[in-house]
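Down below is the structure, laid out as structure tokens.
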Amino acid sequence: MKLLVIEDDITTGTYIARGLREQGHVVDLVTDGRAGLVAATAGTYDVLVVDRMVPQVDGLTLVRTLRGAGNATPVLFLTAMGAVDDRIAGLNAGADDYLVKPFAFGELSARVTALGRRPQAVEQETVLTAGDLSLDLMTRRVTRAGREIDLLPREYTLLEFLLRRKGRVQTRTMLLEGVWDLSFDPMTNVVETHVSRLRAKVDKPFDTELIRTVRGAGYRIEG
Amino acid sequence: MRSLWRSMPLRLALVLVVIFGTVSLLSLGASFAVTRAAFEQSIRDDLAQDLAGFRAAPSARAVAVLVQAESDDTDPRRLVLSYVTPGGQIYGNGALARDGEGFHVISLEQGSAALEGDYLALSERLFGGRLTIARSRAEIEALGPVFFNILWISLLPTVLIALSGGLILARRSQRHVEVIRAALERFTGGDLGARVVTGQRWSDDLAGIGVAVNAMAGAQERSVTALRQVSSDIAHDLKTPVQRVSLQLEALAEAVPKGAAADLVAQTRAEVAGISEVFTALLQLAQVENGSLRAQFAPVDLASLCRTMVELYEPAAAERAQVLGFEGDDKVAVQGDRNLLGQLLANLLENAMRHAGAGAVITVALARGAGGVILSVTDNGPGIPEAERGRVTQRLYRLDRSRNTPGHGLGLSLVEGVVALHAARLSLEDAQPGLRVRIVFAPSGGAPRDGA
């Protein structure tokens with residue numbers, strides 16, 4: 001994907017840009033809001049990564065200006081500010097996702113990937129599959145290698161969420177948002193316990209592991 | 001009503017009534033005395049004149065005739081004329097008698113009956129006899145009731161007007177004082193935006209106090225805001241370097257081979273993660289305490305949120321052999337912020353799981369009570385000693401025995417902040433054994449403050 005990173009802290013910006021390039025993206029880095037606005041309007045980017053507090057034109061104004069001009073490029077906001085109302089202000093201005101500093105690179109990368117795919121989210125299929133695992137959205141039946149797997153409602157939702165984003169890393173906070181509709185990060189790793197319960201049913205009795213842990217980032221279903 | 005009697009304007013009115021009454025009494029008393037003296041003097045003058053008239057007579061006989069003639073058509077209750085001739089004969093309509101009690105005027109017409117009332121008498125020897133003229137003091141005596149009537153006719157309206165005026169003023173000033181008191185109470189309760197709203201009919205002094213209170217509240221709010229701004233600025237400014245360190249450590253973790261160095265990097269990353277957790281918690285606390293989030297309040301289904309949180313934490317509790325459960329009604333809504341209430345529940349559940357020990361039973365309960373919606377999280381662990389219960393919500397405070405368990409001591413501070421933001425009440429109770437954290441949301445569900 002072609003990405004634009006607008007971040008005034010050179011060290012952070014450089015690390016983000018380098019990390020994203022290593023994952024095969026094309027990344028442009030600018031350090032102030034005006035340059036960012038010019039680049040975002042001129043170029044065709046798949047995702048914009050915008051720091052909320054950049055000099056000259058701040059992040060909120062930048063996104064509002066872009067949206068006002070009919071530019072719908074997905075935006076991931078980075079902020080050093082506090083949680084709730086800042087998040088809402090960002091989303092109201094037209095940002096698509098929001099990440100509070102300090103974040104892990106894995107979290108950023110997973111969210112950028114998710115944003116880049118967002119427009120294709122309309123899926124007509126009624127059966128989701130990964131390898132020999134299949135989940136029937138109509139009957140809510142889950143089978144693997146012909147054997148039926150009995151899941152609790154939340155385990156089913158979690159599996160469906162991962163299957164719909166097959167091959168892409170989902171971080172703990174993305175799972176909390178998508179599966180539990182909670183946009184805050186509990187300190188203890190409660191998501192991990194749910195994933196291990198799901199694994200015990202979906203992966204353990206079988207030879208190959210479908211639900212993978214991506215170190216320092218989150219989980220991904222293969223297939 | 002009792003407090004009304006103790007109010008300043010009414011007391012002033014009472015004091016004024018007493019002073020006015022006393023002054024009226026004194027001046028009326030003085031004029032009464034003066035008028036009486038004048039009346040007496042005029043009676044004495046009349047008597048002297050009467051005597052002078054008889055003195056003009058040529059003989060005792062003529063005096064006796066004159067006295068008899070005059071007294072025939074004179075009421076002895078008004079004027080007594082009496083002439084005792086040198087021979088001892090009495091003429092006139094009355095006589096002066098004397099006994100152990102003093103002088104009496106005796107009516108001659110009605111035998112020897114003494115006449116009631118006081119008289120003023122002048123007596124003089126005339127042609128060997130004794131002429132006595134006595135005038136009744138009845139007119140003077142009548143002055144008393146007259147003055148008494150004047151007194152209460154003039155005093156009564158004054159007293160009534162002063163008292164009712166005082167009462168009206170007292171009630172009005174009591175209402176205004178109540179407005180000031182309520183604003184101060186809200187302010188003390190943590191609502192830094194509370195102000196006294198004065199009206200045009202306010203008295204100058206109370207309006208002045210209101211303005212002064214508002215000025216004080218404004219100054220206080222500014223300094224608190226400045227203080228909060230400073231701490232959130234510090235946390236904010238430190239986040240950028242923490243962000244760099246964390247990204248650099250991440251890169252470092254990729255670069256170093258497995259072994260001692262990698263372990264050290266992992267440890268350092270954990271430390272940095274801890275630091276950023278504290279920053280995040282401090283910033284969130286600052287945001288919650290600032291109160292601006294109330295603007296985004298919406299109805300939250302607390303029952304469904306409780307179920308979600310219990311379900312979220314249930315596997316983690318099971319790993320510690322703890323039993324986590326929810327008891328309560330369906331569809332209990334409060335006005336609030338779902339994410340903050342979720343964070344509140346997360347903090348309470350994490351606290352309970354961390355401190356209640358393996359095998360503990362932790363129950364989240366939700367009930368509708370008379371006082372509002374009651375949310376409680378109860379465990380059967382060791383609880384918190386009563387002496388320390390008030391201190392656990394202080395920032396960064398930790399019980400001695402929990403110093404070595406994970407956590408940063410901000411969890412309950414945030415809980416308290418979220419509770420205050422929702423205008424709810426937080427209490428820590430002894431669950432015998434264990435700890436019960438009880439949160440009561442006001443029945444309306446909304447914050448009890450009006451728009452500020």
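For the structure tokens, the naming scheme is as follows: chains receive sequential letters (A, B, ...) according to their order of presentation, residues are indexed from 1 within each chain, and ligands are indexed from 1 in presentation order.
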
task: Pull out every residue of chain B sitting within 6 Å of chain A, counting only C-alpha atoms, and send them as a list in words.
output: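 Per the criterion, chain B yields His236, Gln243, Arg244, Leu283, Gln284, Pro315 and Ala316 of chain B.
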
Residues as selected, N, CA and C atoms, written as a short mmCIF file (atom, residue, chain, number, x, y, z; two decimals), in the first residue's frame, can you do that?
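The result, stored in selection18.cif:
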```cif
data_model
loop_
_atom_site.label_atom_id
_atom_site.label_comp_id
_atom_site.auth_asym_id
_atom_site.auth_seq_id
_atom_site.Cartn_x
_atom_site.Cartn_y
_atom_site.Cartn_z
N HIS B 236 1.88 14.30 29.19
CA HIS B 236 1.81 14.35 27.74
C HIS B 236 3.19 14.51 27.12
N GLN B 243 7.42 7.06 23.94
CA GLN B 243 7.07 6.43 22.65
C GLN B 243 8.34 6.05 21.87
N ARG B 244 9.31 6.99 21.85
CA ARG B 244 10.56 6.69 21.13
C ARG B 244 11.25 5.50 21.75
N LEU B 283 -3.35 10.59 32.78
CA LEU B 283 -4.03 11.46 31.82
C LEU B 283 -5.52 11.20 31.82
N GLN B 284 -5.87 9.91 31.91
CA GLN B 284 -7.29 9.58 31.90
C GLN B 284 -7.97 10.13 33.16
N PRO B 315 -12.69 -16.14 32.04
CA PRO B 315 -11.61 -17.11 31.83
C PRO B 315 -10.38 -16.76 32.66
N ALA B 316 -10.06 -15.46 32.78
CA ALA B 316 -8.89 -15.05 33.55
C ALA B 316 -9.08 -15.42 35.03
#
```

- request: Can you check which residues of range 64-132 of chain B DSSP gives as strand (DSSP E) on the backbone and send them as a ChimeraX atom specification?
  value: /B:79-84,90-92,94-99,102-107,119-126,129-132

If you keep N, CA and C atoms, can you produce a file of those selected residues as an mmCIF file, in the first residue's frame?
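For reference, selection_39.cif as written:
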```
data_model
loop_
_atom_site.group_PDB
_atom_site.id
_atom_site.type_symbol
_atom_site.label_atom_id
_atom_site.label_comp_id
_atom_site.auth_asym_id
_atom_site.auth_seq_id
_atom_site.Cartn_x
_atom_site.Cartn_y
_atom_site.Cartn_z
ATOM 1 N N LEU B 79 -67.803 70.032 91.062
ATOM 2 C CA LEU B 79 -67.343 71.192 91.861
ATOM 3 C C LEU B 79 -68.073 71.178 93.211
ATOM 4 N N VAL B 80 -67.276 71.202 94.246
ATOM 5 C CA VAL B 80 -67.890 71.248 95.584
ATOM 6 C C VAL B 80 -67.644 72.627 96.185
ATOM 7 N N LEU B 81 -68.740 73.271 96.638
ATOM 8 C CA LEU B 81 -68.627 74.577 97.299
ATOM 9 C C LEU B 81 -69.099 74.391 98.739
ATOM 10 N N SER B 82 -68.380 74.939 99.635
ATOM 11 C CA SER B 82 -68.800 74.755 101.035
ATOM 12 C C SER B 82 -68.378 75.967 101.867
ATOM 13 N N TYR B 83 -69.305 76.464 102.616
ATOM 14 C CA TYR B 83 -68.982 77.603 103.517
ATOM 15 C C TYR B 83 -69.495 77.286 104.902
ATOM 16 N N VAL B 84 -68.547 77.240 105.815
ATOM 17 C CA VAL B 84 -68.932 77.025 107.221
ATOM 18 C C VAL B 84 -68.888 78.394 107.914
ATOM 19 N N ILE B 90 -73.416 75.059 107.885
ATOM 20 C CA ILE B 90 -72.752 74.690 106.626
ATOM 21 C C ILE B 90 -73.634 75.031 105.449
ATOM 22 N N TYR B 91 -73.102 75.774 104.517
ATOM 23 C CA TYR B 91 -73.775 76.050 103.256
ATOM 24 C C TYR B 91 -72.996 75.373 102.140
ATOM 25 N N GLY B 92 -73.735 75.090 101.045
ATOM 26 C CA GLY B 92 -73.051 74.549 99.864
ATOM 27 C C GLY B 92 -73.536 73.176 99.517
ATOM 28 N N GLY B 94 -71.536 70.438 99.527
ATOM 29 C CA GLY B 94 -70.714 69.377 100.093
ATOM 30 C C GLY B 94 -69.921 69.914 101.250
ATOM 31 N N ALA B 95 -69.189 68.999 101.887
ATOM 32 C CA ALA B 95 -68.387 69.449 103.016
ATOM 33 C C ALA B 95 -67.102 68.645 103.028
ATOM 34 N N LEU B 96 -66.121 69.154 103.679
ATOM 35 C CA LEU B 96 -64.845 68.472 103.798
ATOM 36 C C LEU B 96 -64.795 67.797 105.158
ATOM 37 N N ALA B 97 -64.574 66.499 105.126
ATOM 38 C CA ALA B 97 -64.489 65.795 106.409
ATOM 39 C C ALA B 97 -63.114 65.174 106.521
ATOM 40 N N ARG B 98 -62.733 64.892 107.690
ATOM 41 C CA ARG B 98 -61.411 64.313 107.874
ATOM 42 C C ARG B 98 -61.517 63.126 108.784
ATOM 43 N N ASP B 99 -60.886 62.036 108.381
ATOM 44 C CA ASP B 99 -60.808 60.897 109.299
ATOM 45 C C ASP B 99 -59.369 60.359 109.269
ATOM 46 N N GLY B 102 -57.505 60.521 105.875
ATOM 47 C CA GLY B 102 -57.247 61.790 105.208
ATOM 48 C C GLY B 102 -58.540 62.545 105.025
ATOM 49 N N PHE B 103 -58.532 63.524 104.080
ATOM 50 C CA PHE B 103 -59.719 64.313 103.812
ATOM 51 C C PHE B 103 -60.652 63.610 102.871
ATOM 52 N N HIS B 104 -61.991 63.803 103.070
ATOM 53 C CA HIS B 104 -62.977 63.292 102.126
ATOM 54 C C HIS B 104 -63.943 64.395 101.811
ATOM 55 N N VAL B 105 -64.465 64.346 100.606
ATOM 56 C CA VAL B 105 -65.522 65.294 100.248
ATOM 57 C C VAL B 105 -66.857 64.590 100.478
ATOM 58 N N ILE B 106 -67.679 65.150 101.243
ATOM 59 C CA ILE B 106 -68.961 64.524 101.577
ATOM 60 C C ILE B 106 -70.080 65.293 100.914
ATOM 61 N N SER B 107 -70.977 64.580 100.246
ATOM 62 C CA SER B 107 -72.134 65.230 99.629
ATOM 63 C C SER B 107 -73.163 65.537 100.707
ATOM 64 N N TYR B 119 -60.258 65.113 94.379
ATOM 65 C CA TYR B 119 -60.573 66.545 94.256
ATOM 66 C C TYR B 119 -59.346 67.341 94.567
ATOM 67 N N LEU B 120 -59.339 68.501 93.982
ATOM 68 C CA LEU B 120 -58.319 69.489 94.324
ATOM 69 C C LEU B 120 -59.067 70.610 95.060
ATOM 70 N N ALA B 121 -58.598 70.907 96.263
ATOM 71 C CA ALA B 121 -59.401 71.858 97.065
ATOM 72 C C ALA B 121 -58.568 73.051 97.529
ATOM 73 N N LEU B 122 -59.219 74.210 97.596
ATOM 74 C CA LEU B 122 -58.598 75.384 98.223
ATOM 75 C C LEU B 122 -59.524 75.856 99.356
ATOM 76 N N SER B 123 -58.928 76.219 100.427
ATOM 77 C CA SER B 123 -59.745 76.598 101.582
ATOM 78 C C SER B 123 -59.209 77.920 102.150
ATOM 79 N N GLU B 124 -60.114 78.774 102.649
ATOM 80 C CA GLU B 124 -59.663 80.104 103.128
ATOM 81 C C GLU B 124 -60.622 80.591 104.222
ATOM 82 N N ARG B 125 -60.068 81.246 105.189
ATOM 83 C CA ARG B 125 -60.945 81.826 106.209
ATOM 84 C C ARG B 125 -61.543 83.102 105.633
ATOM 85 N N LEU B 126 -62.830 83.208 105.778
ATOM 86 C CA LEU B 126 -63.494 84.403 105.202
ATOM 87 C C LEU B 126 -64.581 84.862 106.185
ATOM 88 N N GLY B 129 -65.705 82.654 108.993
ATOM 89 C CA GLY B 129 -66.060 81.298 108.579
ATOM 90 C C GLY B 129 -64.964 80.680 107.726
ATOM 91 N N ARG B 130 -65.272 79.442 107.105
ATOM 92 C CA ARG B 130 -64.252 78.803 106.240
ATOM 93 C C ARG B 130 -64.911 78.444 104.919
ATOM 94 N N LEU B 131 -64.317 79.014 103.886
ATOM 95 C CA LEU B 131 -64.823 78.744 102.542
ATOM 96 C C LEU B 131 -63.896 77.703 101.913
ATOM 97 N N THR B 132 -64.516 76.611 101.393
ATOM 98 C CA THR B 132 -63.724 75.570 100.723
ATOM 99 C C THR B 132 -64.315 75.328 99.343
#
```

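Summary of the local environment: counting only C-alpha atoms, residues at most 8 Å from range 202-206 of chain B, other than itself and those fewer than 5 positions away along its chain, are Ser173, His176 and Val177 of chain B.
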
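For the pair CA of Gly59 in chain A and CA of Asn92 in chain A, the separation is 12.5 Å.
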
field: Counting only C-alpha atoms, the residue of B:Ala360, B:Ala30, B:Leu345, B:Ala142 that sits nearest Ala317 in chain B
entry: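 Ranked by minimum distance to Ala317 in chain B, first place goes to B:Ala360.
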
message: Between A:Tyr156, A:Arg117, A:Val5, A:Val179, which residue has the minimum interatomic distance to Arg199 in chain A, considering only C-alpha atoms?
response: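 Of A:Tyr156, A:Arg117, A:Val5, A:Val179, the one nearest Arg199 in chain A is A:Tyr156, counting only C-alpha atoms.
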
Find the residues around Pro55 in chain A up to 10 Å (only C-alpha atoms counted), leave out those fewer than 2 positions away in its own chain, and share them as a CSV table (one decimal) with N, CA and C atoms, in the first residue's frame.
```csv
chain,number,residue,atom,x,y,z
A,7,GLU,N,4.1,13.1,11.0
A,7,GLU,CA,4.5,13.0,12.4
A,7,GLU,C,5.7,14.0,12.6
A,8,ASP,N,5.6,14.9,13.6
A,8,ASP,CA,6.6,15.9,13.8
A,8,ASP,C,7.8,15.4,14.6
A,31,THR,N,6.8,16.2,8.2
A,31,THR,CA,6.9,16.5,9.6
A,31,THR,C,6.1,17.7,10.0
A,32,ASP,N,5.3,18.3,9.1
A,32,ASP,CA,4.4,19.3,9.6
A,32,ASP,C,3.0,19.2,8.9
A,33,GLY,N,2.0,19.9,9.4
A,33,GLY,CA,0.7,19.7,8.9
A,33,GLY,C,0.5,20.3,7.5
A,34,ARG,N,1.1,21.4,7.3
A,34,ARG,CA,0.9,22.0,6.0
A,34,ARG,C,1.4,21.1,4.8
A,51,ASP,N,-0.4,12.4,13.1
A,51,ASP,CA,-0.2,12.7,14.5
A,51,ASP,C,-1.2,13.9,14.8
A,52,ARG,N,-1.8,13.8,15.9
A,52,ARG,CA,-2.8,14.8,16.2
A,52,ARG,C,-2.2,16.2,16.5
A,53,MET,N,-1.0,16.2,17.0
A,53,MET,CA,-0.4,17.5,17.3
A,53,MET,C,0.8,17.8,16.5
A,57,VAL,N,-0.4,23.1,10.7
A,57,VAL,CA,-1.9,22.7,10.7
A,57,VAL,C,-2.0,21.5,11.5
A,58,ASP,N,-2.9,21.6,12.6
A,58,ASP,CA,-2.9,20.4,13.5
A,58,ASP,C,-3.7,19.3,12.9
A,59,GLY,N,-3.6,18.1,13.4
A,59,GLY,CA,-4.2,16.9,12.9
A,59,GLY,C,-5.7,17.0,12.6
```

- request: Enter the distance from CA of Ser136 in chain B to CA of Asp118 in chain B, in Å, rounded to one decimal.
  value: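 Taking CA of Ser136 in chain B and CA of Asp118 in chain B, their separation equals 6.0 Å.
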
message: Considering only C-alpha atoms, can you say which of B:Ala183, B:Val415, B:Gln89, B:Gly357 comes closest to Gly210 in chain B?
response: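 The shortest atom-to-atom distance to Gly210 in chain B comes from B:Ala183.
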
message: Using only C-alpha atoms, which protein or nucleic acid residues come within 8 Å of range 331-335 of chain B? Drop anything in the same chain fewer than 3 positions from it, and give the result as a list in words.
response: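 Surrounding residues, per the criterion: Phe297, Ala298, Pro299, Val300, Asp301, Leu302, Ala303, Ser304, Leu366, Arg368, Val373, His422, Phe441, Gly445 and Gly446 of chain B.
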
Just N, CA and C atoms for this one: save the residues we selected as a short mmCIF file (atom, residue, chain, number, x, y, z; two decimals), in the first residue's frame.
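That gives us selection32.cif:
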```
data_model
loop_
_atom_site.label_atom_id
_atom_site.label_comp_id
_atom_site.auth_asym_id
_atom_site.auth_seq_id
_atom_site.Cartn_x
_atom_site.Cartn_y
_atom_site.Cartn_z
N PHE B 297 -22.57 12.21 27.80
CA PHE B 297 -23.32 11.15 28.47
C PHE B 297 -24.52 10.70 27.64
N ALA B 298 -24.75 9.39 27.69
CA ALA B 298 -25.89 8.80 26.99
C ALA B 298 -26.40 7.66 27.88
N PRO B 299 -27.62 7.17 27.64
CA PRO B 299 -28.08 6.03 28.45
C PRO B 299 -27.19 4.81 28.21
N VAL B 300 -26.77 4.16 29.30
CA VAL B 300 -25.93 2.98 29.20
C VAL B 300 -26.67 1.82 29.86
N ASP B 301 -26.78 0.70 29.14
CA ASP B 301 -27.39 -0.47 29.76
C ASP B 301 -26.35 -1.12 30.67
N LEU B 302 -26.45 -0.79 31.95
CA LEU B 302 -25.45 -1.21 32.92
C LEU B 302 -25.48 -2.74 33.09
N ALA B 303 -26.67 -3.32 33.01
CA ALA B 303 -26.78 -4.77 33.18
C ALA B 303 -26.01 -5.49 32.08
N SER B 304 -26.21 -5.02 30.85
CA SER B 304 -25.52 -5.70 29.75
C SER B 304 -24.01 -5.45 29.82
N LEU B 366 -26.21 -6.04 40.62
CA LEU B 366 -26.86 -4.81 40.17
C LEU B 366 -28.29 -4.85 40.66
N ARG B 368 -31.98 -2.29 41.66
CA ARG B 368 -32.63 -0.99 41.74
C ARG B 368 -33.10 -0.79 43.17
N VAL B 373 -29.79 3.22 41.39
CA VAL B 373 -29.24 1.95 40.93
C VAL B 373 -27.99 1.63 41.74
N HIS B 422 -20.12 10.62 37.37
CA HIS B 422 -21.50 10.16 37.17
C HIS B 422 -22.41 10.59 38.32
N PHE B 441 -25.94 5.00 41.97
CA PHE B 441 -26.21 6.03 40.98
C PHE B 441 -27.51 6.74 41.34
N GLY B 445 -30.39 9.29 37.24
CA GLY B 445 -29.35 8.80 36.36
C GLY B 445 -28.47 9.93 35.85
N GLY B 446 -28.94 11.15 35.97
CA GLY B 446 -28.17 12.27 35.46
C GLY B 446 -27.45 12.98 36.58
#
```
